[in-house]
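Participant: Before we start, here is the structure in question, set down as structure tokens.
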Amino acid sequence: MWRRLGEQLQSGWKVIVVLIPFIWLLLFFLAPFFMVLKISLAESVIASPPFKPLLQWVSDSAVSINIVFDNFLFIWEDSLYLDTYLNSIKISLISTILCLIIGYPIAYAIVRATPTAKNVFLLMVILPFWTSFLLRVYAWMGLLADQGTINNLLIWLGIIDEPIRMLYTEFAVYVGIVYTYLPFMILPLYANMEKLDINLLEAAADLGAKPMMTFLTVTLPLTVPGIIAGSLLVFIPATGEYVIPDLLGGGNVLMIGRVLYSEFNANTDWPVASAVAIVLLFLLVLPMMLYQHIQSRESES
Amino acid sequence: MDTGSKPDFEDRPWLDPDQQPFIRIQGITKSFGPFVAVDNVDLDIYKGELFALLGGSGCGKTTLLRMMAGFETPTSGKISIDGMDMTDVPPYERPVNMMFQSYALFPHMTVEKNVAYGLKRDGLPKAEIADRVSDMLSMVELSAFSKRKPHQLSGGQRQRVALARSLVKNPKLLLLDEPLAALDKRLREQTQYELMSLQEKLGVTFVVVTHDQEEAMTLSTRIAVMDQGYFVQIGTPTEIYEYPETCFVADFIGSANMFEGRVRETDGKVCLIDVPGFEQPFQVEHPANIPVGAKVWVAIRPEKLLLSPTPITETGLNILKGIVDDIGYYGNSSTYRIRLQDDRIIQVTHPNQRRPRDARHVADWEDMVYLGWEPASGVLLTK
Amino acid sequence: MAKKRSTFLLTMLSFGMAFLYIPMILLIIYSFNKNKIVPIWGGFSTKWYKVLFESEEIWQATALSLKIALVNATFAMLLGTLAGLALVRFGRFKGRTVFTGMITAPLVMPEVITGLSLLLLFITMQDLIGWPAQRGFTTITIAHITFSMAYVAVIIQSRLAGMGQDLEEAAQDLGAKPFRVLLDITFPLLAPGMLAGWLLAFTLSLDDLVIASFTTGPGSNTLPILIYSRVRLGLKPDINALATIIIVAVTIGVVIFGWLMLRQQKQRERDMHMAGQD
């Protein structure tokens with residue numbers, strides 16, 4: 001009997017390997033989204049939990065379904081939400097572009113370095129990533145404050161008389177996002193360039209053509225997958241950022257992550273918060289699918 | 001004592017009607033979606049053969065090898081080894097071992113452990129494993145390296161470990177995937193002879209996959225030339241080289257000068273072929289009867305052409321005239337590229353049999369030369 | 001021409017590194033500032049470290065964060081490895097697309113969405129089956145495992161893809177059944193990747209603020225939650241001290257790692273030299 005069990009385990013173990021993570025993700029990743037969807041369709045009440053249940057026994061044999069679309073209508077009608085969504089996308093998009101402009105040459109420089117230097121530079125790019133994200137955002141609070149280091153330096157140098165307002169502005173949010181997400185742009189770019197063996201390619205193409213032309217016609221097009229991967233890795237999470245607009249933008253910068261958080265905590269309006277989350281998900285679902293498509297193509301090749 | 005006139009089948013078991021094939025491949029097809037990698041092939045391989053599957057990339061030879069190993073399941077067809085149906089048997093239950101092109105040595109195990117791995121899986125007693133491993137290692141001359149790990153070995157040494165590992169279980173069949181591809185020329189020649197002697201000593205049946213025709217010709221007892229999933233021709237190296245059955249084979253193995261023409265006349269022994277651009281018809285020996293007017297090709301190997309700077313007096317030869325376009329010097333021989341009267345270039349190989357005082361070739365650039373070839377030297381092909 | 005380009009690249013690289021490191025260096029410098037107002041220097045002092053070490057709150061939060069990170073890293077490593085294995089080695093199986101989606105999404109999903117959704121799940125579960133009655137260590141850990149395993153899976157997938165099928169096929173060819181291959185070949189060779197995954201999951205958990213905020217309960221403050229509640233009110237020098245300790249710890253870790261890598265490289269070179277001499 002044990003032998004048969006052993007044999008069955010031998011052939012069935014593959015199923016177990018897949019099932020364990022699969023069930024976990026089903027339960028703790030997918031199911032929660034349905035919760036959010038469900039509550040986004042519920043009516044807010046002042047109670048605990050602060051929404052009316054969707055299904056209710058009316059009598060022994062009847063159930064009433066209480067679904068409202070009020071929450072979505074509310075979001076649609078209040079221009080604040082629309083503005084916030086658009087603002088989030090704008091900030092995220094610009095930050096992504098900035099990350100690209102700064103990150104691309106850095107990745108490129110690392111690829112062209114000697115093997116030992118390469119490893120050192122990579123470690124230097126990854127190190128900030130391993131230290132606390134929260135504390136790195138906090139570091140910029142110290143730099144951008146009215147009494148902060150940058151203003152102190154500029155006043156000491158005599159360049160300005162009055163401190164420049166930087167903290168609690170949109171500018172600070174840009175700085176914060178670019179600063180914290182830069183490694184997420186550099187690493188996929190580097191991985192892509194490294195695989196292409198840039199040096200070889202450029203040497204081969206460099207027969208008389210000006211380096212700029214070689215770069216534009218050969219290197220740049222071939223690094224597009226890396227650009228896309230890095231950009232998605234920055235854009236998608238940055239759109240829903242909460243900490244950076246909160247700590248560096250104060251109450252002044254409208255980003256959807258903050259709005260969601262405050263709807264949930266300050267207003268305890270769970271249905272609206274859920275609706276906000278669902279709409280955000282819809283906005284991001286296409287880029288997310290694009291990212292997943294790229295990842296699976298990578299692993300298949 | 002009359003030993004009779006029994007034909008000797010010892011080195012040519014495929015000719016013996018009483019011999020049963022050791023490996024039977026029947027109607028094997030493998031498709032990956034719409035793409036057919038192996039197209040309904042049949043093959044019999046006999047015990048003790050060193051059989052080569054030869055072809056360019058994408059011809060299906062590796063897929064066929066992997067099906068013999070058990071890493072791919074045939075879409076249809078049957079594979080039997082030593083009389084037993086192996087079609088659906090997984091690789092870990094087959095009496096077959098494979099030597100991978102990349103050697104696939106386990107990097108986290110020593111040479112000893114690598115070679116012992118297969119024996120351990122069979123559950124043999126420790127003492128026996130140790131004996132067999134050390135025997136095998138001394139056979140491939142690696143006893144001194146038994147405690148090293150693969151990355152501490154040179155390419156040639158790694159290959160020998162891979163070989164030892166694949167032979168230590170005494171498999172009925174050994175599959176080799178491009179065994180000489182990663183080696184430099186000197187090592188390649190050495191390894192070729194090592195492989196052949198090892199095979200003879202152990203009596204294991206080898207099936208080798210290669211794209212290198214020289215390798216196939218030197219190593220094997222028989223070759224199957226593959227193209228686009230099917231066998232174009234199966235035969236001994238001599239048969240394939242001297243008696244190709246199609247233009248593809250003639251061109252793939254070695255080089256051949258190809259002349260396209262039409263049959264003018266045939267008498268069952270010699271064919272007269274009209275080749276556009278040449279007034280004299282080509283005389284080619286050919287046993288079969290080919291209809292007059294049929295389109296044929298005449299293939300002449302470069303070494304079969306007689307090269308002479310003066311007109312050829314020998315009778316019975318086909319004569320061609322041309323100008324030396326280029327000479328390739330290979331030390332032991334030279335390849336002359338001759339431009340014929342219809343402006344085409346053909347190749348003639350000539351051994352450098354003499355050491356000329358002034359280092360001149362038989363003929364020089366721009367020289368007018370005469371070429372002759374026997375009707376028996378040309379091969380007549382209909383496809 | 002090439003020289004001009006290298007100068008440009010070198011400049012960008014230097015600016016990039018400076019951009020990344022100057023804020024952190026300043027954090028460290030100001031942790032020694034006698035002045036309470038962080039960016040205004042008032043002299044050298046280590047008093048903020050004393051304040052930090054005497055804070056009961058900080059110790060408790062640190063202990064909780066470390067516990068969560070440890071449990072999370074171990075489970076995430078196991079689950080992520082299984083997931084990575086399934087995706088790379090198992091070919092097509094039913095539900096593969098859904099599975100791939102679920103394992104890739106956490107990498108890019110905004111944390112507020114993940115946090116909110118998990119909290120709602122826990123509340124619904126509490127309603128339906130009475131568990132989890134109290135949110136805290138367990139719920140945070142579950143949440144962390146869920147997104148950490150995605151990162152581990154990515155690492156494992158790339159390791160497996162790099163390893164290629166040859167070794168596993170060779171083992172099978174020699175008589176090892178698929179499960180045996182896993183034990184003898186796949187896992188030993190995957191070990192470095194699994195370690196990297198463990199470390200990554202550990203760091204991600206230690207650092208997470210948003211998801212922990214959503215899924216925690218009263219009285220369970222992780223270190224990021226504590227730090228956050230303090231810094232949103234302004235700059236705090238004892239937080240600088242904490243930041244310094246973390247940065248130094250990570251740097252030491254990275255340097256040790258780099259040194260180990262270098263040693264391994266040297267060993268490899270010696271081995272290859274040895275091989276070449278025979």
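Here, A, B, ... name the chains of the structure tokens in the order displayed, residue numbers run from 1 inside each chain, and ligands are numbered from 1 in the same displayed order.
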Just want the 9 Å neighbourhood of region 127-131 of chain A, counted on only C-alpha atoms, with same-chain residues fewer than 2 positions away dropped. Output as a PyMOL selection string.
Facilitator: (chain A and resi 122-125+133-136+180-181+183-184) or (chain C and resi 20-21+24+200+203-204+207+243+246-247+249-251+254)
Participant: Go ahead and dump the residues you just picked, C-alpha atoms, as a compact mmCIF listing (two decimals), in the first residue's frame.
Facilitator:
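Output file result_35.txt follows:
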```txt
# COMPACT_ATOMS: atom_id res chain seq x y z
CA LEU A 122 25.88 47.18 -9.99
CA LEU A 123 26.29 46.68 -6.28
CA MET A 124 26.32 50.44 -5.84
CA VAL A 125 23.05 50.74 -7.76
CA PHE A 133 12.60 53.01 1.09
CA LEU A 134 10.87 55.00 3.78
CA LEU A 135 14.11 56.36 5.15
CA ARG A 136 15.35 57.36 1.72
CA THR A 180 13.43 55.82 -5.24
CA TYR A 181 12.48 54.23 -8.56
CA PRO A 183 17.20 51.39 -9.65
CA PHE A 184 14.01 49.83 -11.10
CA LEU C 20 21.82 58.14 -5.27
CA TYR C 21 24.26 58.43 -2.38
CA MET C 24 21.99 58.87 2.38
CA LEU C 200 15.15 39.80 -1.11
CA THR C 203 14.37 43.04 2.88
CA LEU C 204 11.05 43.70 1.20
CA ASP C 207 10.80 47.75 4.51
CA ALA C 243 18.64 55.34 9.36
CA ILE C 246 20.35 50.48 8.85
CA ILE C 247 22.48 51.97 6.09
CA ALA C 249 24.31 47.35 8.35
CA VAL C 250 23.27 47.02 4.72
CA THR C 251 26.57 48.40 3.48
CA VAL C 254 26.83 44.28 0.61
```
Participant: May I have the residues within 12 Å of Val63 (chain A) as a PyMOL selection string, using only C-alpha atoms and disregarding those fewer than 5 positions away in the same chain?
Facilitator: chain A and resi 53-58
Participant: Can you list, as a compact mmCIF listing (two decimals) with C-alpha atoms, in the first residue's frame, every protein, DNA or RNA residue that comes within 9 Å of region 146-163 of chain C when you count only C-alpha atoms, leaving out same-chain residues fewer than 2 positions away?
Facilitator:
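Output contents, as saved in part.txt:
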```
# COMPACT_ATOMS: atom_id res chain seq x y z
CA PRO A 21 1.54 28.27 -4.64
CA TRP A 24 -2.14 30.38 -1.91
CA LEU A 25 -2.29 32.99 -4.66
CA PHE A 28 -4.64 35.64 -0.91
CA PHE A 29 -4.21 37.46 -4.17
CA SER A 299 11.18 33.37 -20.15
CA GLU A 300 10.04 31.51 -23.25
CA SER A 301 13.02 32.60 -25.31
CA ASN C 72 7.92 35.69 5.45
CA ALA C 73 11.31 35.13 3.83
CA PHE C 75 7.76 30.76 3.24
CA ALA C 76 8.11 33.13 0.33
CA MET C 77 11.30 31.37 -0.69
CA LEU C 78 9.60 27.97 -0.63
CA LEU C 79 6.43 29.06 -2.39
CA GLY C 80 8.26 31.21 -4.90
CA THR C 81 10.63 28.36 -5.76
CA LEU C 82 7.76 25.97 -6.36
CA ALA C 83 6.04 28.58 -8.53
CA GLY C 84 9.19 29.34 -10.52
CA LEU C 85 9.83 25.63 -11.01
CA LEU C 87 6.43 27.92 -14.70
CA VAL C 88 9.76 27.04 -16.29
CA ARG C 89 9.84 23.26 -16.20
CA MET C 102 -1.10 35.98 -10.42
CA ILE C 103 2.62 35.54 -9.97
CA THR C 104 3.62 38.54 -12.10
CA ALA C 105 1.01 41.05 -10.97
CA PRO C 106 2.33 41.64 -7.42
CA LEU C 107 5.56 42.93 -8.92
CA THR C 114 -2.84 45.06 -2.51
CA THR C 141 2.99 37.92 7.45
CA ILE C 142 0.42 36.38 5.11
CA ALA C 143 0.25 39.62 3.15
CA HIS C 144 4.01 39.84 2.89
CA GLN C 165 17.48 21.57 -19.42
CA ASP C 166 20.63 19.62 -20.26
CA LEU C 167 21.67 18.75 -16.74
CA THR C 186 17.74 21.10 -9.56
CA LEU C 189 22.04 24.17 -8.32
CA LEU C 190 19.15 26.45 -7.49
CA GLY C 193 19.03 31.65 -6.31
CA MET C 194 16.92 30.49 -3.39
CA ALA C 196 19.03 35.47 -3.04
CA GLY C 197 15.25 35.10 -2.99
CA TRP C 198 15.25 34.66 0.76
CA LEU C 200 15.15 39.80 -1.11
CA ALA C 201 11.94 38.68 0.59
CA PHE C 202 13.49 39.50 3.96
CA LEU C 204 11.05 43.70 1.20
CA SER C 205 9.19 42.66 4.32
```
Participant: For chain C, list the residues within 12 Å of chain B, counting only C-alpha atoms, and write the list as an MDAnalysis selection string.
Facilitator: chainID C and resid 163:181 184:191 267:278
Participant: Extract, using only C-alpha atoms, all DNA, RNA and protein residues at most 8 Å from Ile236 (chain A), discarding same-chain residues fewer than 5 positions from it, and format them as number ranges by chain.
Facilitator: A: 92, 284, 287-288; C: 108-110
Participant: Could you write out, as an MDAnalysis selection string, all the residues of region 55-192 of chain B that DSSP marks as helix (DSSP H, G or I)?
Facilitator: chainID B and resid 61:69 91:93 111:121 126:139 143:145 150:152 155:167 185:192
Participant: Within 8 Å of Ala229 (chain A), counting only C-alpha atoms, which residues show up once you throw out same-chain ones fewer than 6 positions away? Write them as a list in words, please.
Facilitator: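 Residues near the query, excluding close chain neighbours: Pro188, Leu189, Tyr291 and Ile294 of chain A.
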Participant: Output N, CA and C atoms of each residue in that selection to a file, as a JSON list (two decimals), in the first residue's frame.
Facilitator:
```
[["chain", "number", "residue", "atom", "x", "y", "z"],
["A", 188, "PRO", "N", 16.58, 46.68, -15.34],
["A", 188, "PRO", "CA", 16.10, 46.03, -16.56],
["A", 188, "PRO", "C", 16.84, 46.53, -17.81],
["A", 189, "LEU", "N", 17.17, 47.83, -17.84],
["A", 189, "LEU", "CA", 17.92, 48.37, -18.96],
["A", 189, "LEU", "C", 19.27, 47.68, -19.05],
["A", 291, "TYR", "N", 3.26, 44.28, -19.35],
["A", 291, "TYR", "CA", 4.44, 43.86, -18.61],
["A", 291, "TYR", "C", 4.51, 42.34, -18.51],
["A", 294, "ILE", "N", 5.61, 40.80, -21.75],
["A", 294, "ILE", "CA", 7.05, 40.91, -21.95],
["A", 294, "ILE", "C", 7.78, 39.87, -21.11]]
```
Participant: Record the distance separating CA of Ala241 (chain C) and CA of Val137 (chain A), expressed in Å with one decimal.
Facilitator: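 Going from CA of Ala241 (chain C) over to CA of Val137 (chain A) covers 15.2 Å.
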Participant: Nearest to chain C: which of A:Leu201, A:Val15, A:Ile94, A:Met35 is it, counting only C-alpha atoms?
Facilitator: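 So, comparing all the options, the nearest one is A:Met35.
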Participant: Could you pull the residues within 9 Å of Gln60 (chain C), counting only C-alpha atoms, minus those fewer than 4 positions along the same chain, as an MDAnalysis selection string?
Facilitator: chainID C and resid 55:56 64:65 221:223
Participant: Deliver the residues from the most recent selection as a file, using C-alpha atoms, as an mmCIF file, in the first residue's frame.
Facilitator:
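New file part_4.cif:
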```cif
data_model
loop_
_atom_site.group_PDB
_atom_site.id
_atom_site.type_symbol
_atom_site.label_atom_id
_atom_site.label_comp_id
_atom_site.auth_asym_id
_atom_site.auth_seq_id
_atom_site.Cartn_x
_atom_site.Cartn_y
_atom_site.Cartn_z
ATOM 1 C CA SER C 55 13.041 53.756 23.141
ATOM 2 C CA GLU C 56 10.949 50.769 24.170
ATOM 3 C CA LEU C 64 7.996 42.446 15.361
ATOM 4 C CA SER C 65 9.393 43.472 11.977
ATOM 5 C CA ASN C 221 3.389 48.361 15.035
ATOM 6 C CA THR C 222 6.069 47.321 12.651
ATOM 7 C CA LEU C 223 9.175 49.439 12.422
#
```
Participant: Using DSSP on the backbone coordinates, identify the residues of region 28-222 of chain B assigned to strand (DSSP E or B); present them as a PyMOL selection string.
Facilitator: chain B and resi 28-32+35-45+50-54+76-81+84-85+96-99+173-177+205-210+222
Participant: State, in Å with one decimal place, the distance from CA of Leu317 (chain B) to CA of Leu371 (chain B).
Facilitator: 9.3 Å
